[in-house]
Structure formats: structure tokens, C-alpha cells
$ cat entry23.txt   # compact mmCIF, C-alpha atoms and all ligand atoms
# COMPACT_ATOMS: atom_id res chain seq x y z
CA MET E 1085 295.31 22.58 180.69
CA PRO E 1086 296.08 23.96 177.20
CA ALA E 1087 299.09 21.69 176.48
CA THR E 1088 299.19 18.26 178.11
CA VAL E 1089 301.55 15.37 177.42
CA ILE E 1090 300.23 11.83 177.85
CA VAL E 1091 303.11 9.49 178.50
CA GLY E 1092 303.40 5.76 179.12
CA ALA E 1093 304.93 5.22 182.55
CA GLN E 1094 306.03 1.58 182.13
CA TRP E 1095 307.21 -0.54 179.16
CA GLY E 1096 304.43 0.52 176.79
CA ASP E 1097 300.94 -0.95 176.31
CA GLU E 1098 299.65 0.93 179.35
CA GLY E 1099 296.36 1.81 177.65
CA LYS E 1100 297.37 5.32 176.59
CA GLY E 1101 295.26 5.16 173.45
CA LYS E 1102 292.11 4.95 175.49
CA ILE E 1103 293.13 7.80 177.81
CA VAL E 1104 294.06 9.99 174.82
CA ASP E 1105 290.73 9.10 173.21
CA LEU E 1106 288.92 10.18 176.37
CA LEU E 1107 290.84 13.42 176.89
CA ALA E 1108 290.66 14.24 173.18
CA ARG E 1109 286.97 14.98 173.68
CA ASP E 1110 287.96 18.23 175.40
CA SER E 1111 290.92 18.98 173.14
CA ASP E 1112 291.30 20.68 169.78
CA LEU E 1113 294.43 19.01 168.50
CA VAL E 1114 296.15 15.67 169.21
CA CYS E 1115 299.83 15.28 168.31
CA ARG E 1116 301.98 12.17 168.18
CA TYR E 1117 305.63 13.01 168.80
CA ASN E 1118 307.67 9.80 168.46
CA GLY E 1119 307.85 6.26 167.15
CA GLY E 1120 306.16 4.64 164.18
CA PRO E 1121 304.24 1.48 163.32
CA ASN E 1122 305.90 -0.32 166.23
CA ALA E 1123 303.24 1.32 168.42
CA GLY E 1124 299.77 -0.09 168.67
CA HIS E 1125 296.86 1.64 170.34
CA THR E 1126 293.65 -0.31 170.84
CA ILE E 1127 290.48 1.67 171.48
CA VAL E 1128 287.03 0.20 171.95
CA ALA E 1129 284.38 2.76 171.06
CA ASP E 1130 280.66 1.98 170.90
CA GLY E 1131 281.40 -1.75 170.69
CA GLU E 1132 283.83 -1.28 167.78
CA THR E 1133 287.54 -2.07 168.20
CA TYR E 1134 290.07 0.18 166.48
CA LYS E 1135 293.78 -0.57 166.31
CA LEU E 1136 295.91 2.42 165.46
CA LYS E 1137 299.61 2.48 164.67
CA HIS E 1138 300.58 5.87 163.26
CA ILE E 1139 297.55 8.05 163.78
CA PRO E 1140 296.82 9.53 167.22
CA SER E 1141 293.64 8.15 168.70
CA GLY E 1142 292.11 11.67 168.71
CA ILE E 1143 291.04 10.84 165.15
CA LEU E 1144 288.16 8.80 166.57
CA GLN E 1145 286.84 11.95 168.26
CA GLY E 1146 287.00 13.85 164.97
CA LYS E 1147 289.94 15.97 166.13
CA GLU E 1148 292.74 17.42 164.03
CA CYS E 1149 295.73 15.08 164.42
CA VAL E 1150 299.42 15.72 163.90
CA ILE E 1151 302.15 13.17 163.15
CA GLY E 1152 305.23 15.14 164.19
CA ALA E 1153 308.83 15.39 163.00
CA GLY E 1154 310.00 12.96 165.69
CA CYS E 1155 307.94 10.14 164.20
CA VAL E 1156 308.95 7.60 161.58
CA VAL E 1157 306.34 6.71 158.99
CA ASP E 1158 305.93 3.59 156.90
CA PRO E 1159 303.80 4.86 153.96
CA PRO E 1160 301.94 1.64 153.07
CA VAL E 1161 301.09 1.09 156.74
CA LEU E 1162 299.85 4.66 157.15
CA ILE E 1163 297.80 4.48 153.94
CA GLU E 1164 296.24 1.18 155.00
CA GLU E 1165 295.38 2.72 158.36
CA LEU E 1166 293.78 5.76 156.70
CA ASP E 1167 291.78 3.57 154.32
CA GLY E 1168 290.69 1.29 157.16
CA LEU E 1169 289.39 4.24 159.19
CA ALA E 1170 287.71 5.84 156.17
CA SER E 1171 285.92 2.58 155.33
CA ARG E 1172 284.45 2.65 158.84
CA GLY E 1173 283.16 6.18 158.40
CA ILE E 1174 285.93 8.00 160.29
CA GLU E 1175 286.95 11.39 158.86
CA THR E 1176 290.66 11.18 158.00
CA GLY E 1177 291.08 14.54 156.26
CA LEU E 1178 292.16 15.95 159.62
CA VAL E 1179 295.57 14.23 159.69
CA ARG E 1180 298.63 16.49 159.27
CA LEU E 1181 302.01 14.95 158.61
CA SER E 1182 305.33 16.68 159.26
CA GLY E 1183 307.62 16.89 156.23
CA ASN E 1184 310.52 16.31 158.63
CA ALA E 1185 309.33 12.89 159.79
CA HIS E 1186 311.49 10.08 158.44
CA LEU E 1187 310.30 7.25 156.22
CA VAL E 1188 310.65 3.62 157.18
CA MET E 1189 312.00 2.09 153.96
CA PRO E 1190 311.98 -1.58 152.90
CA TRP E 1191 315.70 -1.91 153.74
CA HIS E 1192 314.97 -0.86 157.33
CA LEU E 1193 312.52 -3.74 157.66
CA ALA E 1194 314.99 -6.17 156.06
CA ILE E 1195 317.88 -5.03 158.26
CA ASP E 1196 315.78 -5.10 161.48
CA ARG E 1197 314.79 -8.72 160.75
CA ALA E 1198 318.27 -9.80 159.69
CA SER E 1199 319.96 -8.10 162.64
CA GLU E 1200 317.65 -9.70 165.17
CA ARG E 1201 318.22 -13.08 163.54
CA ARG E 1202 321.99 -12.59 163.71
CA LEU E 1203 321.91 -11.55 167.36
CA GLY E 1204 320.24 -14.87 168.20
CA LYS E 1205 320.02 -15.25 171.98
CA LEU E 1206 321.12 -11.63 172.41
CA ALA E 1207 318.26 -10.28 170.27
CA ILE E 1208 316.38 -7.22 171.56
CA GLY E 1209 313.02 -8.67 170.63
CA THR E 1210 312.06 -5.73 168.39
CA THR E 1211 308.72 -5.47 166.64
CA LYS E 1212 310.66 -5.99 163.35
CA ARG E 1213 309.04 -2.88 161.87
CA GLY E 1214 312.37 -1.32 160.85
CA ILE E 1215 312.33 1.26 163.65
CA GLY E 1216 315.92 1.00 164.94
CA PRO E 1217 317.52 1.02 161.45
CA CYS E 1218 315.33 3.98 160.42
CA TYR E 1219 316.28 6.11 163.44
CA ALA E 1220 319.93 5.03 162.98
CA ASP E 1221 319.87 6.35 159.39
CA LYS E 1222 318.29 9.57 160.64
CA ALA E 1223 321.26 10.02 163.00
CA MET E 1224 323.67 9.03 160.20
CA ARG E 1225 322.00 11.68 158.00
CA LEU E 1226 321.23 9.04 155.42
CA GLY E 1227 317.49 9.02 156.07
CA ILE E 1228 314.70 9.77 153.64
CA ARG E 1229 312.11 12.21 154.92
CA VAL E 1230 308.47 12.73 154.13
CA GLN E 1231 309.27 15.96 152.28
CA ASP E 1232 311.61 14.05 149.93
CA ILE E 1233 308.68 12.29 148.28
CA LEU E 1234 307.37 15.64 147.06
CA ASP E 1235 310.05 15.86 144.36
CA PRO E 1236 310.51 12.77 142.17
CA LYS E 1237 314.09 13.75 141.25
CA ILE E 1238 315.18 14.19 144.85
CA LEU E 1239 313.36 11.02 145.85
CA ARG E 1240 315.14 8.94 143.20
CA GLN E 1241 318.51 10.43 144.10
CA LYS E 1242 318.11 9.82 147.82
CA ILE E 1243 316.85 6.27 147.37
CA GLU E 1244 319.77 5.57 145.02
CA VAL E 1245 322.37 6.85 147.50
CA ALA E 1246 320.88 4.98 150.44
CA LEU E 1247 320.29 1.78 148.50
CA THR E 1248 323.89 1.56 147.26
CA GLU E 1249 325.05 1.35 150.86
CA LYS E 1250 322.14 -0.69 152.22
CA ASN E 1251 322.43 -3.36 149.56
CA LEU E 1252 326.08 -3.85 150.54
CA TRP E 1253 324.97 -4.44 154.11
CA LEU E 1254 322.15 -6.72 153.11
CA GLU E 1255 324.29 -8.85 150.82
CA ARG E 1256 327.69 -8.86 152.51
CA VAL E 1257 326.85 -8.59 156.19
CA TYR E 1258 323.53 -10.38 156.39
CA GLY E 1259 323.62 -12.62 153.31
CA GLU E 1260 320.24 -11.27 152.16
CA ARG E 1261 319.00 -10.44 148.68
CA PRO E 1262 319.53 -6.86 147.49
CA ILE E 1263 316.57 -4.51 146.96
CA GLU E 1264 315.78 -3.33 143.39
CA LEU E 1265 315.86 0.43 142.76
CA GLU E 1266 313.36 0.69 139.90
CA GLY E 1267 310.17 -0.74 141.31
CA LEU E 1268 310.85 1.01 144.57
CA VAL E 1269 311.01 4.55 143.17
CA GLU E 1270 307.69 4.07 141.38
CA GLN E 1271 306.09 2.62 144.46
CA TYR E 1272 307.12 5.64 146.56
CA GLU E 1273 305.98 8.07 143.89
CA GLY E 1274 302.58 6.43 144.23
CA TYR E 1275 302.62 6.93 148.00
CA ALA E 1276 303.53 10.58 147.41
CA THR E 1277 300.22 11.14 145.62
CA ARG E 1278 298.36 9.91 148.69
CA LEU E 1279 300.42 11.64 151.34
CA ARG E 1280 300.97 15.01 149.65
CA PRO E 1281 297.72 16.65 150.86
CA MET E 1282 298.53 15.74 154.46
CA ILE E 1283 302.03 17.21 154.56
CA ALA E 1284 302.24 20.41 156.62
CA ASP E 1285 304.57 22.56 158.70
CA THR E 1286 303.33 20.96 161.87
CA SER E 1287 305.63 22.92 164.21
CA LEU E 1288 304.12 26.16 162.90
CA LEU E 1289 300.63 24.69 163.08
CA VAL E 1290 301.04 23.67 166.74
CA ASP E 1291 302.65 26.98 167.66
CA GLY E 1292 299.71 28.82 166.09
CA ALA E 1293 297.24 26.64 167.96
CA LEU E 1294 298.99 27.32 171.27
CA ARG E 1295 298.96 31.07 170.60
CA GLU E 1296 295.22 30.89 169.97
CA GLY E 1297 294.77 29.12 173.31
CA ARG E 1298 293.58 25.88 171.70
CA ARG E 1299 293.87 22.75 173.83
CA ILE E 1300 296.50 20.30 172.69
CA LEU E 1301 297.30 16.75 173.69
CA PHE E 1302 300.74 15.31 173.00
CA ASP E 1303 300.45 11.58 172.58
CA GLY E 1304 303.63 9.67 173.48
CA ALA E 1305 304.05 6.25 171.92
CA HIS E 1306 305.55 3.30 173.87
CA GLY E 1307 306.60 3.86 177.49
CA THR E 1308 309.23 5.50 179.69
CA LEU E 1309 311.31 2.35 180.18
CA LEU E 1310 311.61 1.98 176.39
CA ASP E 1311 313.15 5.46 176.05
CA LEU E 1312 316.42 5.46 174.13
CA ASP E 1313 318.26 7.55 176.75
CA HIS E 1314 316.42 6.83 179.99
CA GLY E 1315 314.97 3.36 179.43
CA THR E 1316 316.39 -0.09 180.10
CA TYR E 1317 318.99 0.14 177.32
CA PRO E 1318 319.67 -1.79 175.09
CA PHE E 1319 316.16 -3.31 175.46
CA VAL E 1320 314.52 -0.08 174.36
CA THR E 1321 313.07 1.46 171.25
CA SER E 1322 315.03 4.04 169.25
CA SER E 1323 313.08 7.22 169.96
CA PRO E 1324 312.59 9.54 172.94
CA THR E 1325 309.47 8.22 174.64
CA VAL E 1326 309.66 10.48 177.72
CA ALA E 1327 307.50 13.61 178.02
CA ALA E 1328 310.36 15.95 177.10
CA GLY E 1329 310.35 14.23 173.70
CA ALA E 1330 307.10 16.08 172.95
CA GLY E 1331 308.89 19.41 172.51
CA VAL E 1332 311.63 17.90 170.35
CA GLY E 1333 309.34 15.67 168.32
CA ILE E 1334 306.82 18.39 167.53
CA GLY E 1335 309.09 21.43 167.34
CA ILE E 1336 307.98 23.59 170.26
CA GLY E 1337 309.92 24.72 173.34
CA PRO E 1338 309.60 22.92 176.71
CA SER E 1339 308.09 26.04 178.33
CA ARG E 1340 304.95 25.52 176.22
CA ILE E 1341 304.00 22.29 178.02
CA ASP E 1342 301.63 22.81 180.96
CA SER E 1343 301.10 19.35 182.36
CA VAL E 1344 302.16 15.71 182.10
CA ILE E 1345 299.80 12.80 182.69
CA GLY E 1346 301.46 9.42 183.18
CA VAL E 1347 299.53 6.30 182.20
CA ALA E 1348 300.33 3.09 184.10
CA LYS E 1349 298.66 -0.28 184.14
CA SER E 1350 297.58 -1.47 187.60
CA TYR E 1351 300.15 -4.22 187.05
CA VAL E 1352 303.04 -4.33 184.56
CA THR E 1353 303.62 -5.93 181.17
CA ARG E 1354 306.63 -6.06 178.93
CA VAL E 1355 307.22 -7.45 175.44
CA GLY E 1356 310.64 -8.30 174.15
CA GLN E 1357 313.73 -9.16 176.12
CA GLY E 1358 315.34 -7.50 179.13
CA PRO E 1359 315.21 -7.57 182.91
CA PHE E 1360 311.83 -7.31 184.62
CA PRO E 1361 312.13 -7.54 188.45
CA SER E 1362 308.43 -7.88 189.25
CA GLU E 1363 307.73 -10.49 186.54
CA ILE E 1364 305.43 -13.09 188.07
CA GLU E 1365 306.76 -16.57 188.60
CA GLY E 1366 304.27 -19.40 188.40
CA PRO E 1367 300.72 -19.79 187.08
CA ASP E 1368 299.54 -16.28 188.07
CA GLN E 1369 301.55 -14.90 185.14
CA GLU E 1370 299.49 -16.90 182.65
CA ARG E 1371 296.31 -16.09 184.52
CA LEU E 1372 296.99 -12.35 184.46
CA ARG E 1373 297.87 -12.55 180.73
CA GLU E 1374 294.59 -14.27 179.92
CA LEU E 1375 292.47 -12.01 182.13
CA GLY E 1376 294.10 -8.86 180.75
CA GLY E 1377 294.23 -10.07 177.13
CA GLU E 1378 297.95 -9.35 177.19
CA TYR E 1379 298.97 -10.02 173.61
CA GLY E 1380 300.78 -7.43 171.48
CA THR E 1381 298.65 -5.18 169.24
CA VAL E 1382 301.35 -5.02 166.56
CA THR E 1383 302.99 -8.45 166.73
CA GLY E 1384 300.46 -10.59 168.61
CA ARG E 1385 303.29 -11.72 170.91
CA GLU E 1386 302.54 -12.81 174.47
CA ARG E 1387 303.30 -10.00 176.89
CA ARG E 1388 305.31 -10.87 179.98
CA CYS E 1389 303.26 -10.00 183.08
CA GLY E 1390 304.30 -8.74 186.50
CA TRP E 1391 302.96 -7.12 189.64
CA LEU E 1392 302.85 -3.34 189.92
CA ASP E 1393 306.39 -1.99 190.32
CA LEU E 1394 306.43 1.28 192.26
CA VAL E 1395 310.23 1.65 192.06
CA ALA E 1396 310.01 1.82 188.27
CA LEU E 1397 306.90 3.99 188.45
CA ARG E 1398 308.62 6.44 190.83
CA TYR E 1399 311.40 6.68 188.26
CA ALA E 1400 308.85 7.40 185.53
CA VAL E 1401 307.35 10.18 187.67
CA ARG E 1402 310.83 11.68 187.98
CA VAL E 1403 312.07 11.51 184.39
CA ASN E 1404 308.79 12.69 182.89
CA GLY E 1405 307.75 15.23 185.53
CA ILE E 1406 304.40 13.43 185.84
CA ASP E 1407 301.89 15.52 187.79
CA ARG E 1408 298.86 13.23 187.45
CA LEU E 1409 298.46 9.52 186.92
CA ALA E 1410 295.91 7.41 185.07
CA LEU E 1411 295.83 3.84 186.40
CA THR E 1412 294.39 1.46 183.82
CA LYS E 1413 292.96 -2.08 183.88
CA LEU E 1414 292.22 -2.15 187.60
CA ASP E 1415 289.36 -4.55 186.81
CA VAL E 1416 291.85 -7.24 185.74
CA LEU E 1417 293.07 -7.46 189.35
CA SER E 1418 289.54 -8.17 190.62
CA HIS E 1419 290.26 -11.89 190.23
CA PHE E 1420 293.16 -12.04 192.71
CA SER E 1421 292.62 -12.25 196.45
CA ALA E 1422 296.11 -10.95 197.32
CA LEU E 1423 298.00 -8.32 195.35
CA PRO E 1424 301.77 -8.04 195.72
CA VAL E 1425 303.10 -4.56 194.92
CA CYS E 1426 306.84 -4.04 194.50
CA VAL E 1427 307.80 -1.18 196.85
CA ARG E 1428 311.60 -1.49 196.89
CA TYR E 1429 314.41 -3.38 195.13
CA ARG E 1430 316.91 -5.52 196.99
CA THR E 1431 320.32 -4.81 195.48
CA ARG E 1432 323.45 -6.95 195.02
CA ASP E 1433 324.87 -5.85 198.38
CA ARG E 1434 321.53 -6.91 199.96
CA SER E 1435 320.55 -3.36 200.86
CA GLU E 1436 317.14 -2.07 199.79
CA THR E 1437 316.34 0.97 197.67
CA HIS E 1438 313.31 2.99 196.53
CA ASP E 1439 315.29 4.34 193.61
CA PHE E 1440 315.59 2.83 190.17
CA PRO E 1441 319.17 1.57 189.59
CA ALA E 1442 321.24 3.90 187.44
CA HIS E 1443 323.34 1.09 185.97
CA GLN E 1444 322.27 -1.83 183.83
CA SER E 1445 324.02 -4.55 185.84
CA ASP E 1446 322.43 -3.31 189.09
CA PHE E 1447 319.01 -3.42 187.44
CA HIS E 1448 319.69 -6.94 186.18
CA ALA E 1449 320.47 -8.05 189.73
CA ALA E 1450 317.58 -6.18 191.43
CA LYS E 1451 315.05 -8.34 193.29
CA PRO E 1452 311.58 -7.10 194.15
CA VAL E 1453 310.51 -6.45 197.74
CA TYR E 1454 306.74 -6.77 197.90
CA GLU E 1455 304.04 -5.41 200.13
CA VAL E 1456 300.93 -7.55 199.72
CA LEU E 1457 297.65 -5.63 199.49
CA GLU E 1458 294.21 -7.11 199.91
CA GLY E 1459 292.21 -8.00 196.81
CA TRP E 1460 288.56 -6.95 196.43
CA ASN E 1461 287.27 -10.10 194.71
CA GLU E 1462 284.33 -8.42 193.02
CA PRO E 1463 283.75 -6.91 189.59
CA LEU E 1464 284.09 -3.16 189.15
CA ASP E 1465 281.42 -2.88 186.45
CA GLY E 1466 278.92 -0.97 188.52
CA CYS E 1467 281.37 1.68 189.79
CA SER E 1468 280.93 5.18 188.42
CA SER E 1469 283.69 7.04 190.28
CA VAL E 1470 286.88 6.32 192.20
CA ALA E 1471 285.04 7.06 195.43
CA GLY E 1472 282.55 4.32 194.53
CA LEU E 1473 285.18 1.58 194.20
CA PRO E 1474 285.15 -1.30 196.71
CA ASP E 1475 287.23 -0.37 199.79
CA ALA E 1476 290.19 -2.60 198.91
CA ALA E 1477 290.31 -1.32 195.32
CA ARG E 1478 290.25 2.28 196.54
CA ALA E 1479 292.99 1.41 199.04
CA TYR E 1480 295.08 0.02 196.16
CA VAL E 1481 294.75 3.32 194.28
CA GLU E 1482 295.48 5.36 197.41
CA PHE E 1483 298.54 3.22 198.17
CA VAL E 1484 299.97 4.12 194.76
CA GLU E 1485 299.26 7.80 195.37
CA SER E 1486 300.88 7.88 198.78
CA GLU E 1487 303.98 5.93 197.67
CA LEU E 1488 304.54 8.16 194.65
CA ASP E 1489 303.13 11.42 195.97
CA VAL E 1490 301.14 11.88 192.77
CA GLU E 1491 297.38 12.06 192.44
CA VAL E 1492 295.64 9.29 190.48
CA THR E 1493 292.97 11.21 188.60
CA LEU E 1494 291.68 8.50 186.26
CA VAL E 1495 291.12 4.78 186.83
CA GLY E 1496 290.38 2.32 184.01
CA THR E 1497 287.93 -0.46 184.83
CA GLY E 1498 287.16 -2.02 181.43
CA ALA E 1499 287.81 -1.95 177.71
CA GLU E 1500 284.97 0.40 176.74
CA ARG E 1501 285.49 4.11 176.33
CA SER E 1502 283.04 4.73 179.16
CA SER E 1503 284.96 2.55 181.65
CA VAL E 1504 287.29 5.26 182.94
CA LEU E 1505 286.49 6.58 186.41
CA THR E 1506 287.31 10.07 187.59
CA ARG E 1507 287.79 11.29 191.15
CA ALA E 1508 284.45 13.12 191.28
P1 LIG J 1 311.40 -1.66 168.26
O1 LIG J 1 310.75 -0.41 168.74
O2 LIG J 1 310.58 -2.42 167.27
O3 LIG J 1 312.80 -1.44 167.79
O4 LIG J 1 311.54 -2.66 169.53
C1 LIG J 1 312.40 -2.36 170.62
C2 LIG J 1 311.78 -2.80 171.94
O5 LIG J 1 310.68 -1.99 172.24
C3 LIG J 1 311.25 -4.25 171.93
O6 LIG J 1 311.41 -4.80 173.22
C4 LIG J 1 309.77 -4.05 171.63
O7 LIG J 1 308.99 -5.13 172.11
C5 LIG J 1 309.51 -2.78 172.42
N1 LIG J 1 308.37 -2.01 171.91
C6 LIG J 1 308.35 -1.18 170.86
N2 LIG J 1 307.15 -0.62 170.72
C7 LIG J 1 306.39 -1.08 171.73
C8 LIG J 1 305.04 -0.82 172.15
O8 LIG J 1 304.30 -0.01 171.58
N3 LIG J 1 304.64 -1.52 173.24
C9 LIG J 1 305.44 -2.36 173.94
N4 LIG J 1 306.69 -2.61 173.59
C10 LIG J 1 307.17 -1.97 172.50

$ encode --input "entry23.txt" --output "C-alpha cells"
Amino acid sequence: MPATVIVGAQWGDEGKGKIVDLLARDSDLVCRYNGGPNAGHTIVADGETYKLKHIPSGILQGKECVIGAGCVVDPPVLIEELDGLASRGIETGLVRLSGNAHLVMPWHLAIDRASERRLGKLAIGTTKRGIGPCYADKAMRLGIRVQDILDPKILRQKIEVALTEKNLWLERVYGERPIELEGLVEQYEGYATRLRPMIADTSLLVDGALREGRRILFDGAHGTLLDLDHGTYPFVTSSPTVAAGAGVGIGIGPSRIDSVIGVAKSYVTRVGQGPFPSEIEGPDQERLRELGGEYGTVTGRERRCGWLDLVALRYAVRVNGIDRLALTKLDVLSHFSALPVCVRYRTRDRSETHDFPAHQSDFHAAKPVYEVLEGWNEPLDGCSSVAGLPDAARAYVEFVESELDVEVTLVGTGAERSSVLTRA
């Protein structure tokens, strides 16, 4: 398919990086359309572990990579990431950065931290990378964009205007120290020198590539349930994570997208606060966390772990238009002899539904109704295709397909690049 969106179908951390890395082999261009350094993609390639925050994982396959207008970029983090890759022999001259992407500024980080602290028990549990405040300034039309660093006069002026207001917030609302203008302008002028060669009209670039029939992957950060409009608000991130965000975040029309691949873990994890109906109670939660190595890539926080939730996954299929699924980390379930799968929610009026609740309070009250599938109790290391999986593991995959009416085309069975099974 010439233009394919890869989207997380749960609360993020589904293993998209690895799927993008795999599919990038047969692609020409890989484009990230949303989010910033709050995302973390871990890819294990030839025994080496790479952790990427801003740059699409296609970079490891030597593919041209785009960071689109819908992204927010923290310059020192991006520069550190570029330097880290270059020091390991990865070609980074192929990264193109949209001039319309917004910059995460030091006041965004300070306000994110202070706001979470002030919310106390009501905190969202953000990654504290300044994401919400940065997107809020974008909507307020107070943001500073990548293109602004190209002109020192404009940069100084914009920082000055923003800082006057932000320092009032920091001092008067949050009781924090103000941020100095002088050092900051110089610091960002320095970043400009590094970023300048990467800045491009990425909408035009992608349009040209599509016209030439080049194959493009759109790499969605985070997951469906963290989407600002369609996720479990307010426990969401501040960007559009759903597949439709690809058109907006890159600057192409929706008719240009040919296919949407959803990536879901074979179970569910969530970081941060918010309701989570299939969250495991008891020692299996800890066991699943340890077996799956479920600790945040960006923050190192423990991820909350739950059984596969098909109500939420059905919702993800709907809001993204998913036509194929990749099911990751199936191997982690090899250690459980019985596998509960949430097939319906029991609602407040004690009826049962297959559909994801439209209102927050109904979702808060939803209880999982499980069907328990048989475990396979053996490692999946030797399997080379989905057909070659142990019977119970194949039945698990087929159960997901029949409940969602979507084909599972890829199955992850280990951390290595090579541990992704296809249907053949
Ligand atoms: P923020 O994106 O840092 O504002 O955090 C908002 C919510 O999204 C918090 O619950 C975070 O834990 C969650 N979040 C943001 N990015 C990711 C991610 O890449 N994986 C999982 N959760 C994320």
C-alpha cells in the first residue's frame, strides 16, 4: 500500500516502533505526525537497543524521515537523539523537520511540572515533558514554531512576548522562579544552527512522494485512548493520536491514505492516571509487568497492566478505520495457563455492552466481563509464522480476529526485529 498509517490501538506503548521499523524496510519515507518527546519507541536491532523519542524508527532502516507540522519538538532532546544515533553509525542526514512544528520551550516544562504538582491527587500523570502546555500555547496562538528560529530578530521577539506572560504564571500562579530572557535567546540561536539544514516544507515533500508513487508510512505516536478528542479525557495527551491525525499533522488530505494498521499488545498497559477496566487485580499484574518489562521508555515509570480488552480495541478499530492488526508481545502470555480476555463491559444499570462508553462516568463505572482462553504454556521462540504457533496461541489470535472482524496480519513474539510473524 503506498500510504499506510500505523496507529497505537490502546494507551500507547503497544510496540509500534518495532512494527514501523519492520514495515519501513519496504517503504521510502517514514513520517511522524503528532506528539513530541513524551513518546518513546524502543527497537532492538541486531542485539542493539535504540530508544527514540522524536525521530521515526524508519531512521534505523536508512529511510528518509519526516517530523511533521503536528509534532512538538524540544530542540535539545532532538539534538541529543541525533548525536546519539550518529555516534552509533546511523545516518541522520535523512531527517526532515517541518517549519510549522511547535517548539517545546523551558516554560512548558516548568508549567507541566508545576501544574501536575498543584493538581495533587487529581494529577493526569503526564510525562512532564511540557507537551500539554506547548499544545495549549499553539491553540492560544502564542507558540513558537521551528521556522521562528531561522530569524534571530523574530525569535527574540516571540520569546520576549511569550516569556512576559509565562513568567507571570510561573511566579504568581505556581510560585516558581521566572525564566531569564537573555541566556535563553542565545541558547535557541545555537539550536537554530543545528536544526536549520533539516527544516523543510514537509507537506510539499510528502505530496511529491505520493505523486511519484513512493511508499510512505505514517507513524502515530502514543495510542488511540490517549487521543485528545476520542481518548479517555482528561487522562489523555494533547495531540490527535488517531489515524486521521496523519492527514492533519503532515498536511495531506484524508483521501491520500490507503490503509490503517492498528498495533495492539496481546494484553494492555497504561501509564498515568485514569480508569482501566481490565487492570489486573492481584499478583498477576506484577508478574505480567516483570515478564513484559513494562516500564516507561521516557519516564521509567511502572506501567499498569491488564488483560486484553476487546471492547476498547473494537472502539480503536472504529475511530481509526483499522483494516489490519499487529498483535505484539504474544510471547509474554506464554507464562500464563489461563488467559482472561475482556469481551464486554457491565454497565451501571447491570446490562452488558460490546461498545465503548461514550461518557466518562459510564467508563469509570464499567466492569469487565471476561471470557477465559486456554494458555499454551510453551515458548514461541521456534515459531516462524502464525500458522506455526501452538494451537492455543493461534486460537487466541483467531479469537481476536473473530471478535473484531479484522485480520491480524502480524504477531510479535519477542524483542528482536526478527521476532514478528506473518500469516504466510
Ligand atoms: P503527556 O503526553 O506528557 O501530557 O501525558 C498525558 C498522558 O498521556 C499521561 O497519562 C501519560 O502517561 C500518557 N502518555 C503520553 N505519552 C505516552 C506514551 O508514549 N506512552 C504511554 N503513555 C503516554

$ residues_around --input "entry23.txt" --residues "segment 1243-1250 of chain E" --least-positions-apart "6" --cutoff "7 Å" --atoms "all atoms listed in the file" --output "PyMOL selection string"
chain E and resi 1191+1226+1265

$ residues_near_point --input "entry23.txt" --point "(304.0, 8.7, 192.3)" --cutoff "9 Å" --atoms "all atoms listed in the file" --output "list of chain:residue names"
E:Leu1394, E:Leu1397, E:Arg1398, E:Tyr1399, E:Ala1400, E:Val1401, E:Arg1402, E:Ile1406, E:Asp1407, E:Arg1408, E:Leu1409, E:Val1484, E:Glu1485, E:Ser1486, E:Glu1487, E:Leu1488, E:Asp1489, E:Val1490, E:Glu1491, E:Val1492

$ closest_atom_pairs --input "entry23.txt" --of "chain E" --to "ligand LIG 1 (chain J)" --cutoff "6 Å" --atoms "all atoms listed in the file" --output "Markdown table"
| residue | atom | partner | partner_atom | distance |
| --- | --- | --- | --- | --- |
| E:Trp1095 | CA | J:LIG1 | C9 | 5.8 |
| E:Gly1096 | CA | J:LIG1 | N3 | 4.1 |
| E:Asp1097 | CA | J:LIG1 | N3 | 4.8 |
| E:Asn1122 | CA | J:LIG1 | N2 | 4.7 |
| E:Ala1123 | CA | J:LIG1 | O8 | 3.6 |
| E:Gly1124 | CA | J:LIG1 | O8 | 5.4 |
| E:Ile1208 | CA | J:LIG1 | O6 | 5.8 |
| E:Gly1209 | CA | J:LIG1 | O6 | 4.9 |
| E:Thr1210 | CA | J:LIG1 | O4 | 3.3 |
| E:Thr1211 | CA | J:LIG1 | O2 | 3.6 |
| E:Lys1212 | CA | J:LIG1 | O2 | 5.3 |
| E:Arg1213 | CA | J:LIG1 | O2 | 5.6 |
| E:Ile1215 | CA | J:LIG1 | O3 | 5.0 |
| E:Gly1216 | CA | J:LIG1 | O3 | 4.9 |
| E:His1306 | CA | J:LIG1 | O8 | 4.2 |
| E:Leu1310 | CA | J:LIG1 | O5 | 5.8 |
| E:Phe1319 | CA | J:LIG1 | O6 | 5.5 |
| E:Val1320 | CA | J:LIG1 | C2 | 4.6 |
| E:Thr1321 | CA | J:LIG1 | O1 | 3.9 |
| E:Val1355 | CA | J:LIG1 | O7 | 4.4 |
| E:Gly1356 | CA | J:LIG1 | O6 | 3.7 |
| E:Gln1357 | CA | J:LIG1 | O6 | 5.7 |

$ residues_around --input "entry23.txt" --residues "Pro1159 of chain E" --least-positions-apart "5" --cutoff "9 Å" --atoms "only C-alpha atoms" --output "count of residues only"
8

$ atom_distance --input "entry23.txt" --atom1 "atom CA of Ala1129 of chain E" --atom2 "atom CA of Val1157 of chain E"
25.4 Å

$ closest_residue --input "entry23.txt" --among "E:Gly1335, E:Gly1099, E:Pro1359, E:Pro1190" --to "Pro1217 of chain E" --atoms "all atoms listed in the file"
E:Pro1190
